[in-house]
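File shown here: query_26.cif, holding mmCIF, C-alpha atoms.
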```cif
data_query
loop_
_atom_site.label_atom_id
_atom_site.label_comp_id
_atom_site.auth_asym_id
_atom_site.auth_seq_id
_atom_site.Cartn_x
_atom_site.Cartn_y
_atom_site.Cartn_z
CA MET W 1082 1.07 -30.27 -19.08
CA ARG W 1083 4.27 -29.05 -17.41
CA TRP W 1084 4.47 -25.90 -15.35
CA ASN W 1085 6.58 -23.02 -16.67
CA MET W 1086 9.62 -23.52 -14.46
CA ALA W 1087 12.41 -21.06 -13.74
CA GLY W 1088 15.17 -22.77 -15.64
CA VAL W 1089 17.59 -22.86 -18.56
CA GLU W 1090 16.73 -25.58 -21.08
CA SER W 1091 19.64 -25.24 -23.51
CA GLY W 1092 23.35 -24.56 -23.41
CA ARG W 1093 26.64 -26.35 -22.97
CA PRO W 1094 26.41 -28.96 -20.19
CA PHE W 1095 28.80 -29.05 -17.23
CA GLN W 1096 29.06 -31.55 -14.44
CA ALA W 1097 27.75 -30.34 -11.08
CA SER W 1098 31.03 -31.23 -9.37
CA VAL W 1099 33.01 -29.13 -11.86
CA LEU W 1100 30.82 -26.06 -11.33
CA ARG W 1101 30.80 -26.63 -7.56
CA ASN W 1102 34.60 -26.71 -7.40
CA PHE W 1103 34.89 -23.63 -9.62
CA SER W 1104 32.35 -21.69 -7.52
CA THR W 1105 33.99 -22.67 -4.24
CA GLU W 1106 37.42 -21.58 -5.42
CA ILE W 1107 36.07 -18.29 -6.78
CA LEU W 1108 34.47 -17.49 -3.43
CA GLU W 1109 37.64 -18.44 -1.57
CA ARG W 1110 39.65 -16.07 -3.79
CA ALA W 1111 37.11 -13.38 -2.88
CA GLY W 1112 37.94 -13.89 0.81
CA VAL W 1113 35.27 -16.36 1.90
CA PRO W 1114 36.50 -19.11 4.29
CA SER W 1115 36.51 -22.53 2.62
CA ASP W 1116 33.74 -24.05 4.74
CA GLU W 1117 31.45 -21.08 4.14
CA ALA W 1118 32.33 -20.97 0.43
CA ALA W 1119 31.25 -24.62 0.22
CA ILE W 1120 27.87 -23.83 1.80
CA VAL W 1121 27.20 -21.07 -0.74
CA ALA W 1122 28.45 -23.15 -3.69
CA ASP W 1123 26.36 -26.15 -2.62
CA SER W 1124 23.19 -24.06 -2.46
CA MET W 1125 23.78 -22.61 -5.93
CA ILE W 1126 24.55 -25.97 -7.50
CA GLU W 1127 21.57 -27.60 -5.76
CA SER W 1128 19.37 -24.89 -7.28
CA ASN W 1129 20.85 -25.50 -10.74
CA MET W 1130 20.35 -29.25 -10.37
CA ARG W 1131 16.67 -28.76 -9.54
CA GLY W 1132 16.13 -26.39 -12.45
CA LEU W 1133 15.99 -23.23 -10.32
CA ASP W 1134 18.66 -21.60 -12.45
CA THR W 1135 17.78 -18.08 -11.38
CA HIS W 1136 19.24 -19.02 -7.98
CA GLY W 1137 22.21 -20.98 -9.25
CA VAL W 1138 25.74 -20.29 -10.43
CA THR W 1139 24.00 -19.33 -13.68
CA ARG W 1140 23.26 -15.92 -12.17
CA LEU W 1141 24.40 -15.47 -8.57
CA LEU W 1142 28.15 -16.19 -8.41
CA PRO W 1143 29.30 -12.97 -10.17
CA ILE W 1144 26.82 -10.94 -8.12
CA TYR W 1145 28.06 -12.25 -4.78
CA VAL W 1146 31.69 -11.61 -5.72
CA ALA W 1147 30.85 -8.07 -6.86
CA ARG W 1148 29.09 -7.32 -3.57
CA ILE W 1149 31.99 -8.65 -1.51
CA GLN W 1150 34.52 -6.66 -3.53
CA ALA W 1151 32.39 -3.52 -3.23
CA GLY W 1152 32.45 -3.90 0.56
CA VAL W 1153 28.66 -4.18 0.93
CA MET W 1154 28.66 -7.87 1.95
CA GLU W 1155 30.98 -9.45 4.50
CA PRO W 1156 32.99 -12.43 3.23
CA ARG W 1157 33.35 -13.94 6.71
CA ALA W 1158 30.26 -14.82 8.70
CA ARG W 1159 29.50 -13.42 12.13
CA ILE W 1160 26.13 -14.62 13.41
CA THR W 1161 24.94 -13.82 16.92
CA ILE W 1162 21.89 -14.78 18.97
CA GLU W 1163 20.07 -11.62 20.08
CA ARG W 1164 17.01 -13.18 21.74
CA ASP W 1165 16.48 -16.75 22.88
CA ARG W 1166 13.27 -18.40 24.04
CA PRO W 1167 12.56 -22.14 24.17
CA ALA W 1168 10.83 -22.19 20.79
CA CYS W 1169 11.91 -18.83 19.30
CA ILE W 1170 15.33 -17.38 18.44
CA LEU W 1171 16.37 -14.07 16.88
CA LEU W 1172 19.67 -13.94 15.01
CA ASP W 1173 21.72 -11.01 13.76
CA ALA W 1174 23.64 -12.06 10.65
CA HIS W 1175 25.79 -8.90 10.65
CA ASN W 1176 25.73 -8.69 6.84
CA SER W 1177 27.13 -12.23 6.44
CA LEU W 1178 26.59 -14.29 3.31
CA GLY W 1179 22.90 -15.18 3.26
CA GLN W 1180 23.34 -18.91 2.72
CA VAL W 1181 25.64 -19.27 5.72
CA ALA W 1182 23.17 -17.45 7.97
CA ALA W 1183 20.19 -19.35 6.51
CA ARG W 1184 21.83 -22.70 7.16
CA ARG W 1185 22.60 -21.75 10.76
CA ALA W 1186 19.04 -20.48 11.30
CA MET W 1187 17.47 -23.65 9.91
CA GLU W 1188 19.77 -25.86 11.98
CA LEU W 1189 18.61 -24.01 15.09
CA ALA W 1190 14.95 -24.25 14.05
CA ILE W 1191 15.25 -28.02 13.49
CA GLY W 1192 17.04 -28.55 16.80
CA ARG W 1193 14.48 -26.59 18.79
CA ALA W 1194 11.56 -28.28 17.04
CA GLN W 1195 12.96 -31.67 18.05
CA LYS W 1196 12.65 -30.54 21.67
CA MET W 1197 9.62 -28.26 21.57
CA GLY W 1198 7.59 -29.67 18.68
CA THR W 1199 7.75 -26.42 16.71
CA SER W 1200 10.05 -23.42 16.46
CA LEU W 1201 10.68 -20.13 14.69
CA VAL W 1202 14.05 -18.51 14.06
CA GLY W 1203 14.16 -14.96 12.75
CA ALA W 1204 17.24 -13.31 11.23
CA ARG W 1205 18.05 -9.69 10.49
CA ASN W 1206 20.86 -7.98 8.59
CA MET W 1207 20.73 -10.83 6.08
CA ASN W 1208 21.83 -11.02 2.48
CA HIS W 1209 20.36 -12.87 -0.49
CA TYR W 1210 20.22 -16.52 0.58
CA GLY W 1211 19.50 -18.28 -2.69
CA ALA W 1212 16.47 -20.51 -3.16
CA SER W 1213 14.28 -20.73 -0.06
CA SER W 1214 13.69 -24.43 -0.59
CA CYS W 1215 17.39 -25.19 -0.03
CA TRP W 1216 16.75 -24.43 3.65
CA THR W 1217 13.22 -25.74 4.14
CA MET W 1218 14.22 -29.10 2.66
CA MET W 1219 16.76 -29.51 5.45
CA ALA W 1220 13.83 -30.37 7.73
CA LEU W 1221 12.73 -33.35 5.64
CA ALA W 1222 15.52 -35.64 6.88
CA HIS W 1223 14.30 -35.01 10.44
CA ASP W 1224 10.65 -35.82 9.68
CA GLN W 1225 9.77 -32.17 10.08
CA ILE W 1226 7.94 -29.57 8.03
CA GLY W 1227 10.25 -26.74 7.02
CA PHE W 1228 9.14 -23.16 6.42
CA SER W 1229 10.89 -19.96 5.36
CA THR W 1230 10.08 -16.41 4.26
CA CYS W 1231 12.35 -13.56 3.20
CA ASN W 1232 11.90 -9.96 2.10
CA THR W 1233 13.83 -8.57 -0.87
CA PRO W 1234 14.58 -5.26 -2.68
CA PRO W 1235 11.46 -3.30 -3.65
CA PHE W 1236 10.31 -3.97 -7.22
CA VAL W 1237 6.52 -3.99 -6.88
CA PRO W 1238 4.01 -1.24 -6.04
CA PRO W 1239 1.05 -2.04 -3.76
CA THR W 1240 -2.24 -2.62 -5.52
CA GLY W 1241 -3.37 0.78 -6.77
CA GLY W 1242 0.07 2.38 -6.33
CA LYS W 1243 2.88 3.31 -8.72
CA LYS W 1244 5.90 3.34 -6.40
CA ALA W 1245 7.82 0.13 -5.76
CA ILE W 1246 7.52 -0.74 -2.06
CA PHE W 1247 7.57 -4.54 -1.92
CA GLY W 1248 10.03 -7.15 -3.08
CA THR W 1249 9.37 -10.54 -4.61
CA ASN W 1250 9.19 -11.73 -0.97
CA PRO W 1251 9.48 -15.49 -1.51
CA PHE W 1252 8.28 -18.27 0.76
CA SER W 1253 8.80 -22.00 0.91
CA PHE W 1254 7.32 -25.07 2.59
CA ALA W 1255 8.82 -28.56 2.56
CA ILE W 1256 6.58 -31.36 3.87
CA PRO W 1257 7.85 -34.93 4.22
CA GLY W 1258 6.07 -37.81 2.55
CA GLY W 1259 6.42 -41.55 2.18
CA ASP W 1260 6.67 -43.55 -1.04
CA GLU W 1261 5.09 -40.71 -3.01
CA GLY W 1262 7.79 -38.24 -1.97
CA PRO W 1263 7.62 -34.83 -0.28
CA ILE W 1264 5.77 -31.65 -1.16
CA VAL W 1265 8.15 -28.75 -1.80
CA VAL W 1266 6.69 -25.31 -2.50
CA ASP W 1267 9.09 -22.46 -3.32
CA MET W 1268 7.71 -19.33 -4.92
CA ALA W 1269 7.84 -15.58 -5.08
CA THR W 1270 4.75 -13.48 -4.42
CA THR W 1271 5.24 -11.94 -7.85
CA THR W 1272 4.32 -13.79 -11.04
CA VAL W 1273 8.01 -14.67 -11.33
CA ALA W 1274 11.17 -13.79 -9.43
CA ARG W 1275 13.12 -10.82 -10.80
CA GLY W 1276 16.08 -13.12 -11.31
CA ARG W 1277 14.09 -15.05 -13.88
CA ILE W 1278 13.53 -11.91 -15.93
CA ALA W 1279 17.25 -11.14 -15.57
CA LEU W 1280 18.02 -14.60 -16.95
CA TYR W 1281 15.73 -13.97 -19.93
CA GLU W 1282 17.45 -10.63 -20.50
CA LYS W 1283 20.87 -12.31 -20.41
CA GLN W 1284 19.72 -14.79 -23.06
CA GLY W 1285 18.11 -12.07 -25.20
CA LEU W 1286 14.64 -13.60 -24.85
CA PRO W 1287 11.24 -11.85 -24.55
CA ILE W 1288 9.23 -12.47 -21.38
CA PRO W 1289 5.65 -13.80 -21.31
CA GLU W 1290 2.74 -11.48 -20.76
CA GLY W 1291 1.91 -10.76 -17.13
CA TRP W 1292 5.47 -10.90 -15.81
CA GLY W 1293 6.53 -7.25 -15.81
CA LEU W 1294 5.75 -3.58 -16.34
CA ASP W 1295 7.90 -0.85 -17.84
CA ARG W 1296 8.85 2.32 -15.95
CA ASP W 1297 5.48 3.85 -16.80
CA GLY W 1298 3.59 0.88 -15.38
CA ILE W 1299 2.63 -0.44 -18.83
CA PRO W 1300 2.73 -4.23 -19.36
CA THR W 1301 5.75 -5.26 -21.42
CA LYS W 1302 7.24 -8.37 -22.99
CA SER W 1303 10.70 -6.82 -23.04
CA ALA W 1304 12.95 -8.30 -20.35
CA GLU W 1305 15.15 -5.21 -20.56
CA GLU W 1306 12.23 -2.82 -19.99
CA ALA W 1307 10.84 -4.95 -17.16
CA MET W 1308 14.24 -4.89 -15.43
CA LYS W 1309 14.04 -1.09 -15.52
CA GLY W 1310 10.41 -1.08 -14.40
CA PHE W 1311 8.34 -3.24 -12.07
CA LEU W 1312 7.28 -6.79 -11.41
CA GLN W 1313 3.64 -7.86 -11.10
CA PHE W 1314 2.10 -9.61 -8.10
CA MET W 1315 0.73 -13.10 -8.56
CA ALA W 1316 -3.07 -13.17 -8.18
CA GLY W 1317 -3.30 -9.38 -8.11
CA TYR W 1318 -4.34 -7.92 -4.76
CA LYS W 1319 -4.09 -11.35 -3.13
CA GLY W 1320 -0.39 -11.50 -3.95
CA TYR W 1321 -0.03 -8.02 -2.49
CA GLY W 1322 -1.60 -9.21 0.77
CA ILE W 1323 0.68 -12.25 1.01
CA SER W 1324 3.73 -10.09 0.26
CA LEU W 1325 2.79 -7.65 3.01
CA VAL W 1326 2.50 -10.49 5.54
CA ILE W 1327 5.88 -11.90 4.50
CA ASP W 1328 7.49 -8.47 4.81
CA THR W 1329 5.95 -8.17 8.28
CA LEU W 1330 7.27 -11.57 9.42
CA SER W 1331 10.68 -11.25 7.79
CA GLY W 1332 11.41 -7.56 8.11
CA LEU W 1333 9.29 -5.83 10.74
CA LEU W 1334 9.22 -8.64 13.32
CA THR W 1335 12.96 -9.36 13.13
CA GLY W 1336 14.08 -5.72 13.27
CA ALA W 1337 15.43 -5.91 9.71
CA LEU W 1338 14.81 -3.36 6.97
CA PHE W 1339 11.35 -3.53 5.43
CA GLY W 1340 9.36 -2.28 2.46
CA MET W 1341 10.99 0.49 0.47
CA HIS W 1342 13.86 0.68 3.00
CA VAL W 1343 15.42 -2.64 1.93
CA GLY W 1344 18.60 -2.26 -0.14
CA GLY W 1345 18.32 -2.00 -3.91
CA PRO W 1346 18.75 -4.70 -6.57
CA ILE W 1347 21.61 -6.97 -5.54
CA ALA W 1348 23.26 -6.84 -8.97
CA GLU W 1349 22.92 -3.11 -9.53
CA ASP W 1350 23.01 -1.41 -6.11
CA LEU W 1351 26.55 -1.85 -4.77
CA SER W 1352 26.33 1.22 -2.55
CA ARG W 1353 25.00 -0.33 0.68
CA PRO W 1354 24.17 -3.62 2.40
CA SER W 1355 20.84 -5.25 1.57
CA GLY W 1356 19.56 -5.47 5.15
CA PHE W 1357 17.16 -8.33 4.37
CA GLY W 1358 15.16 -10.12 7.03
CA ALA W 1359 14.10 -13.76 7.05
CA MET W 1360 12.04 -16.19 9.09
CA PHE W 1361 12.65 -19.91 9.38
CA GLY W 1362 10.38 -22.49 10.97
CA ALA W 1363 10.20 -26.19 11.69
CA VAL W 1364 7.37 -28.44 12.88
CA SER W 1365 8.01 -31.98 14.11
CA ILE W 1366 5.45 -34.39 12.69
CA ASP W 1367 5.50 -36.51 15.86
CA ALA W 1368 4.23 -33.56 17.87
CA PHE W 1369 0.88 -34.21 16.16
CA MET W 1370 0.84 -37.88 15.13
CA ASP W 1371 3.08 -40.85 14.52
CA VAL W 1372 5.40 -40.20 11.60
CA SER W 1373 4.46 -43.46 9.87
CA GLU W 1374 0.77 -42.60 10.05
CA PHE W 1375 1.39 -39.12 8.63
CA LYS W 1376 3.44 -40.46 5.72
CA THR W 1377 0.76 -43.04 4.93
CA ARG W 1378 -1.85 -40.27 4.86
CA MET W 1379 0.44 -38.15 2.68
CA ASP W 1380 0.87 -41.01 0.23
CA THR W 1381 -2.90 -41.42 0.01
CA ALA W 1382 -3.43 -37.71 -0.60
CA LEU W 1383 -0.74 -37.44 -3.28
CA ARG W 1384 -1.91 -40.59 -5.09
CA GLU W 1385 -5.43 -39.20 -5.18
CA ILE W 1386 -4.13 -35.96 -6.69
CA ARG W 1387 -1.92 -37.65 -9.27
CA ASN W 1388 -4.62 -40.14 -10.25
CA SER W 1389 -7.46 -37.63 -10.41
CA GLU W 1390 -9.30 -36.99 -13.67
CA ARG W 1391 -7.21 -34.90 -16.05
CA ALA W 1392 -8.32 -32.05 -18.28
CA PRO W 1393 -8.22 -32.58 -22.07
CA GLY W 1394 -4.65 -32.66 -23.40
CA VAL W 1395 -3.04 -33.15 -19.99
CA LYS W 1396 -0.91 -36.27 -19.76
CA ARG W 1397 0.12 -36.02 -16.13
CA ILE W 1398 -0.71 -34.17 -12.91
CA TYR W 1399 2.26 -33.08 -10.80
CA VAL W 1400 2.56 -32.12 -7.16
CA PRO W 1401 4.79 -29.20 -6.08
CA GLY W 1402 8.47 -30.10 -6.09
CA GLU W 1403 8.07 -33.15 -8.32
CA GLN W 1404 9.33 -31.53 -11.51
CA SER W 1405 12.37 -30.14 -9.70
CA ALA W 1406 13.20 -33.61 -8.36
CA GLU W 1407 12.92 -35.08 -11.85
CA LYS W 1408 15.07 -32.27 -13.26
CA ALA W 1409 17.79 -33.15 -10.75
CA VAL W 1410 17.79 -36.75 -11.97
CA LEU W 1411 18.23 -35.61 -15.57
CA ARG W 1412 20.95 -33.13 -14.77
CA ARG W 1413 22.90 -35.66 -12.76
CA LYS W 1414 23.05 -37.65 -16.00
CA ASP W 1415 23.24 -34.91 -18.63
CA GLY W 1416 24.91 -32.04 -16.75
CA ILE W 1417 23.85 -28.47 -15.97
CA PRO W 1418 23.30 -26.41 -19.15
CA LEU W 1419 24.94 -22.99 -19.27
CA PRO W 1420 24.03 -20.44 -21.98
CA GLU W 1421 27.00 -18.95 -23.85
CA ALA W 1422 26.42 -15.53 -22.27
CA VAL W 1423 26.70 -17.09 -18.82
CA ILE W 1424 29.84 -19.02 -19.77
CA THR W 1425 31.44 -15.81 -21.03
CA GLU W 1426 30.65 -14.06 -17.75
CA LEU W 1427 32.05 -16.92 -15.68
CA VAL W 1428 35.21 -17.09 -17.82
CA GLN W 1429 35.76 -13.37 -17.25
CA LEU W 1430 35.17 -13.77 -13.51
CA GLY W 1431 37.66 -16.64 -13.39
CA ASP W 1432 40.26 -14.65 -15.31
CA LYS W 1433 39.85 -11.76 -12.90
CA LEU W 1434 40.42 -13.96 -9.83
CA GLY W 1435 42.92 -16.37 -11.33
CA VAL W 1436 40.61 -19.40 -11.43
CA PRO W 1437 40.39 -21.01 -14.89
CA PHE W 1438 36.87 -21.85 -15.92
CA PRO W 1439 36.50 -25.45 -17.17
CA SER W 1440 36.44 -25.23 -20.95
CA ASP W 1441 35.47 -28.78 -21.91
CA PRO W 1442 31.71 -29.34 -21.66
CA ALA W 1443 32.24 -32.99 -22.59
CA SER W 1444 33.37 -33.51 -18.98
CA ALA W 1445 29.71 -33.18 -18.03
CA THR W 1446 28.53 -36.21 -19.96
#
```

Take the structure in this file and express it as structure tokens.
Amino acid sequence: MRWNMAGVESGRPFQASVLRNFSTEILERAGVPSDEAAIVADSMIESNMRGLDTHGVTRLLPIYVARIQAGVMEPRARITIERDRPACILLDAHNSLGQVAARRAMELAIGRAQKMGTSLVGARNMNHYGASSCWTMMALAHDQIGFSTCNTPPFVPPTGGKKAIFGTNPFSFAIPGGDEGPIVVDMATTTVARGRIALYEKQGLPIPEGWGLDRDGIPTKSAEEAMKGFLQFMAGYKGYGISLVIDTLSGLLTGALFGMHVGGPIAEDLSRPSGFGAMFGAVSIDAFMDVSEFKTRMDTALREIRNSERAPGVKRIYVPGEQSAEKAVLRRKDGIPLPEAVITELVQLGDKLGVPFPSDPASAT
């Protein structure tokens, strides 16, 4: 049994390098410095490679350009340190591109954790920063556990309410392993991220039951109606509780916007900055035990999970992050699939900015 992942499974394939170069040049034409454009493009392509297409070029590139051109997102980063303690830092991203600020925050968290054992870096006045796991996975190469939370535009009412107050409020953990690989958790506190419903809408597909509500709060399988209505929390009131904690850490604690005050949908509301908040953390394994011992224990735990007795009809048990890693292997070989509607949108964006979109999908094979 495979989990229902947030990805595109069909379309014309394109090589990652081709899409990366196109995305970088598009962002540069929009006024983003080349080094910062590369950071944003890399995060989108990494998401596409791992099957997280809702956070890839598949959806985000036109949105980021539109926000820059509307003047609600700064193309050039300005990131300042507002508070600085040995193991805690507060950043102000000054409405910079979210990926640039997220990378800087995680670099600081990793550096401080190397000295202090653990660290937290908060950031306010953020923008959408792509997939959370792009930043938590940075800690793996340093034998650290990475952690991140972020608040987002309000799409979900609290349990018992009918006014959207909370966002999808995602969180991610990346935990290093040995021969069995790492654990990478990256999820929204809603059943799915809103971007996934947007991707279904773009492809003209119905959504599964339990993903969204229409404007009257009635469950719907229409992606279009769900985009006009609300999302649903995962695990009901438990998801609501987790979302509230994430909003507290990311928004309230950092001095960012929170709850219903966060800017509107990033694709539709081009009237004001998003004002997101985020929290990044790192924990050095050697602050608690020898790294080799930890990785041996991790390998034991993951083997026990994978080799445990399976339910009828299940051929394989996965651990979080494993399917994304396998997807990346396949897409390195086969290319990143783009639906025709996405290709059309990217062609139009390229025409507008004078950057030809690669027309030959055979270059991806």

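Picture a line from atom CA of W:Thr1217 to atom CA of W:Val1266; it runs 9.3 Å.
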
Inset, instruction - Please write the residues picked by the PyMOL selection byres ((chain W and resi 1379) around 9) on this file as a ChimeraX atom specification. - result: /W:1257-1259,1261-1263,1374-1378,1380-1384

Legend entry - Result set of the PyMOL selection byres ((chain W and resi 1409) around 12) on the coordinates above, as a list in words: Gly1088, Gln1096, Ala1097, Ile1126, Glu1127, Ser1128, Asn1129, Met1130, Arg1131, Gly1132, Leu1133, Asp1134, Gly1402, Glu1403, Gln1404, Ser1405, Ala1406, Glu1407, Lys1408, Val1410, Leu1411, Arg1412, Arg1413, Lys1414, Asp1415, Gly1416 and Ile1417 of chain W

Inset, instruction - For atom CA of W:Pro1420 and atom CA of W:Ser1098, determine how far apart the two atoms are, in Å to one decimal place. - result: 18.0 Å

Write out as a PDB file with C-alpha atoms, in the frame of the given file which residues come within 6 Å of W:Glu1306 when counting only C-alpha atoms, dropping same-chain ones fewer than 3 positions away.
```
ATOM      1  CA  ASP W1295       7.900  -0.850 -17.840  1.00  0.00           C
ATOM      2  CA  SER W1303      10.700  -6.820 -23.040  1.00  0.00           C
ATOM      3  CA  LYS W1309      14.040  -1.090 -15.520  1.00  0.00           C
TER       4      LYS W1309
END
```

Legend entry - Between atom CA of W:Arg1157 and atom CA of W:Tyr1145 - distance in Å to one decimal: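 Distance between the two atoms: 12.8 Å.
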
Inset, instruction - Return the single residue from W:Ser1373, W:Leu1419, W:Lys1302, W:Gly1241 that is closest to W:Val1138, with distances computed using only C-alpha atoms. - result: W:Leu1419

Inset, instruction - Run the PyMOL selection byres ((chain W and resi 1281) around 12) on the file and write out the hits as a VMD selection string. - result: chain W and resid 1087 to 1090 1134 to 1135 1139 to 1140 1273 to 1280 1282 to 1289 1292 1302 to 1308 1420 1422 to 1423

Legend entry - Nearest-residue call for W:Glu1349, choices W:Pro1143, W:Gly1293, W:Pro1418, W:Gly1242, using all atoms listed in the file: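 Of W:Pro1143, W:Gly1293, W:Pro1418, W:Gly1242, the one nearest W:Glu1349, counting all atoms listed in the file, is W:Pro1143.
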
Legend entry - Polymer residues at most 10 Å from stretch 1104-1110 of chain W, all atoms listed in the file, same-chain spacing of 5 or more positions, as JSON, numbers by chain: {"W": [1098, 1099, 1115, 1116, 1117, 1118, 1119, 1120, 1121, 1122, 1123, 1125, 1126, 1138, 1142, 1143, 1145, 1146, 1149, 1156, 1427, 1430, 1431, 1433, 1434, 1435, 1436, 1437, 1438]}

Inset, instruction - Please provide as an MDAnalysis selection string all residues within 9 Å of W:Phe1247, with the sequence filter that same-chain residues fewer than 2 positions apart are discarded (counting all atoms listed in the file). - result: chainID W and resid 1232:1239 1245 1249:1250 1321 1324:1325 1328 1339:1341 1343

Legend entry - Closest of W:Val1428, W:Leu1351, W:Ile1386, W:Val1364 to W:Lys1196 - atom-to-atom distances counting all atoms listed in the file: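 Looking only at the distances to W:Lys1196, the closest residue turns out to be W:Val1364.
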
Could you pull stretch 1322-1328 of chain W out of the block above and give me all heavy atoms, as a PDB file, in the first residue's frame?
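Generated file (result-v8.pdb):
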```pdb
ATOM      1  N   GLY W1322      -5.841  21.577  17.408  1.00  0.00           N
ATOM      2  CA  GLY W1322      -4.912  21.864  18.505  1.00  0.00           C
ATOM      3  C   GLY W1322      -3.477  22.009  18.030  1.00  0.00           C
ATOM      4  O   GLY W1322      -2.750  22.923  18.443  1.00  0.00           O
ATOM      5  N   ILE W1323      -3.045  21.119  17.132  1.00  0.00           N
ATOM      6  CA  ILE W1323      -1.686  21.209  16.603  1.00  0.00           C
ATOM      7  C   ILE W1323      -1.514  22.509  15.812  1.00  0.00           C
ATOM      8  O   ILE W1323      -0.499  23.199  15.924  1.00  0.00           O
ATOM      9  CB  ILE W1323      -1.381  19.989  15.722  1.00  0.00           C
ATOM     10  CG1 ILE W1323      -1.387  18.709  16.557  1.00  0.00           C
ATOM     11  CG2 ILE W1323      -0.023  20.146  15.027  1.00  0.00           C
ATOM     12  CD1 ILE W1323      -1.314  17.435  15.733  1.00  0.00           C
ATOM     13  N   SER W1324      -2.516  22.858  15.017  1.00  0.00           N
ATOM     14  CA  SER W1324      -2.444  24.079  14.217  1.00  0.00           C
ATOM     15  C   SER W1324      -2.334  25.321  15.089  1.00  0.00           C
ATOM     16  O   SER W1324      -1.581  26.250  14.774  1.00  0.00           O
ATOM     17  CB  SER W1324      -3.687  24.179  13.313  1.00  0.00           C
ATOM     18  OG  SER W1324      -3.578  25.268  12.430  1.00  0.00           O
ATOM     19  N   LEU W1325      -3.067  25.336  16.195  1.00  0.00           N
ATOM     20  CA  LEU W1325      -3.004  26.467  17.119  1.00  0.00           C
ATOM     21  C   LEU W1325      -1.605  26.597  17.727  1.00  0.00           C
ATOM     22  O   LEU W1325      -1.064  27.708  17.841  1.00  0.00           O
ATOM     23  CB  LEU W1325      -4.051  26.301  18.221  1.00  0.00           C
ATOM     24  CG  LEU W1325      -4.034  27.338  19.351  1.00  0.00           C
ATOM     25  CD1 LEU W1325      -4.186  28.745  18.810  1.00  0.00           C
ATOM     26  CD2 LEU W1325      -5.136  27.027  20.368  1.00  0.00           C
ATOM     27  N   VAL W1326      -1.001  25.482  18.098  1.00  0.00           N
ATOM     28  CA  VAL W1326       0.356  25.521  18.655  1.00  0.00           C
ATOM     29  C   VAL W1326       1.350  26.042  17.611  1.00  0.00           C
ATOM     30  O   VAL W1326       2.219  26.860  17.915  1.00  0.00           O
ATOM     31  CB  VAL W1326       0.770  24.116  19.151  1.00  0.00           C
ATOM     32  CG1 VAL W1326       2.259  24.085  19.488  1.00  0.00           C
ATOM     33  CG2 VAL W1326      -0.054  23.729  20.375  1.00  0.00           C
ATOM     34  N   ILE W1327       1.221  25.575  16.368  1.00  0.00           N
ATOM     35  CA  ILE W1327       2.128  26.030  15.319  1.00  0.00           C
ATOM     36  C   ILE W1327       1.951  27.515  15.057  1.00  0.00           C
ATOM     37  O   ILE W1327       2.933  28.256  14.864  1.00  0.00           O
ATOM     38  CB  ILE W1327       1.905  25.206  14.033  1.00  0.00           C
ATOM     39  CG1 ILE W1327       2.423  23.787  14.251  1.00  0.00           C
ATOM     40  CG2 ILE W1327       2.590  25.851  12.834  1.00  0.00           C
ATOM     41  CD1 ILE W1327       2.119  22.836  13.120  1.00  0.00           C
ATOM     42  N   ASP W1328       0.723  27.989  15.060  1.00  0.00           N
ATOM     43  CA  ASP W1328       0.484  29.425  14.875  1.00  0.00           C
ATOM     44  C   ASP W1328       1.090  30.223  16.026  1.00  0.00           C
ATOM     45  O   ASP W1328       1.610  31.325  15.835  1.00  0.00           O
ATOM     46  CB  ASP W1328      -1.019  29.683  14.790  1.00  0.00           C
ATOM     47  CG  ASP W1328      -1.349  31.038  14.174  1.00  0.00           C
ATOM     48  OD1 ASP W1328      -0.530  31.558  13.397  1.00  0.00           O
ATOM     49  OD2 ASP W1328      -2.437  31.569  14.460  1.00  0.00           O
TER      50      ASP W1328
END
```
